[in-house]
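Chemist: My questions all concern the structure below.
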Amino acid sequence: MAYDDRGGAAAARLWWLLRYFGHAEVALLDGGIAQWIAEGRPLTQDLPRVAPSVFVPRPRSEMLVDKTSVNQL
């Protein structure tokens, strides 16, 4: 889950980069942390226990466009 407290741009960038490099299981917190709090949803400062693993990036070139492609839109 990705979120930020700056309007969502940083979280959206992280989401895109993770997807680009092949990490399919990533999500954005719709409405950001401010909406989460406003809805009275739970928060914690506890850190989850996550088993170490190795992530091998696999860039997805189909997610990129070049200047020529953008200019043709």
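Ligands are numbered from 1 in the order shown, residues from 1 within each chain, and chains are lettered A, B, ... in the order they appear in the structure tokens.
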Taking only chain A into account, list the residues labelled helix (DSSP H, G or I) by DSSP (computed from the backbone), as a ChimeraX atom specification.

Modeler: /A:9-20,32-38,61-63,67-71

Chemist: Can you tell me, as a list in words, what residues are no more than 10 Å from A:Glu25 when counting only C-alpha atoms, ignoring any on the same chain fewer than 5 positions away?

Modeler: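 That gives Met1, Trp15, Leu18 and Arg19 of chain A.
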
Chemist: Considering only C-alpha atoms, return as a list in words whatever protein or nucleic-acid residues lie within 7 Å of A:Leu29, sequence-local ones (same chain, fewer than 2 positions apart) excluded.

Modeler: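 Listed by chain and then number, they are Met1, Ala2, Tyr3, Ala27, Gly31 and Gly32 of chain A.
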
Chemist: Based on the selection just made, write C-alpha atoms of those residues as a compact mmCIF listing (two decimals), in the first residue's frame.

Modeler:
```txt
# COMPACT_ATOMS: atom_id res chain seq x y z
CA MET A 1 0.00 0.00 0.00
CA ALA A 2 1.41 3.38 -0.96
CA TYR A 3 0.27 6.72 0.43
CA ALA A 27 -1.85 -0.38 -4.44
CA GLY A 31 -7.98 9.55 -0.90
CA GLY A 32 -4.64 9.46 0.86
```

Chemist: Counting only C-alpha atoms, what is within 12 Å of A:His23, bar same-chain residues fewer than 5 positions away, as a list in words?

Modeler: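 In the requested format, the answer is Leu14, Trp15, Trp16, Leu17, Leu18, Val54, Phe55, Val56, Pro57, Arg58, Pro59 and Arg60 of chain A.
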
Chemist: Find the spatial neighbours of stretch 34-36 of chain A, counting only C-alpha atoms, within a cut-off of 10 Å - ignore same-chain residues fewer than 3 positions away - and output them as JSON, numbers by chain.

Modeler: {"A": [3, 4, 5, 6, 7, 29, 30, 31, 39, 40, 41, 42, 43]}

Chemist: Rounded to one decimal in Å, what is the spacing between atom CA of A:Ala9 and atom CA of A:Ala51?

Modeler: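 Atom CA of A:Ala51 lies at a distance of 28.7 Å from atom CA of A:Ala9.
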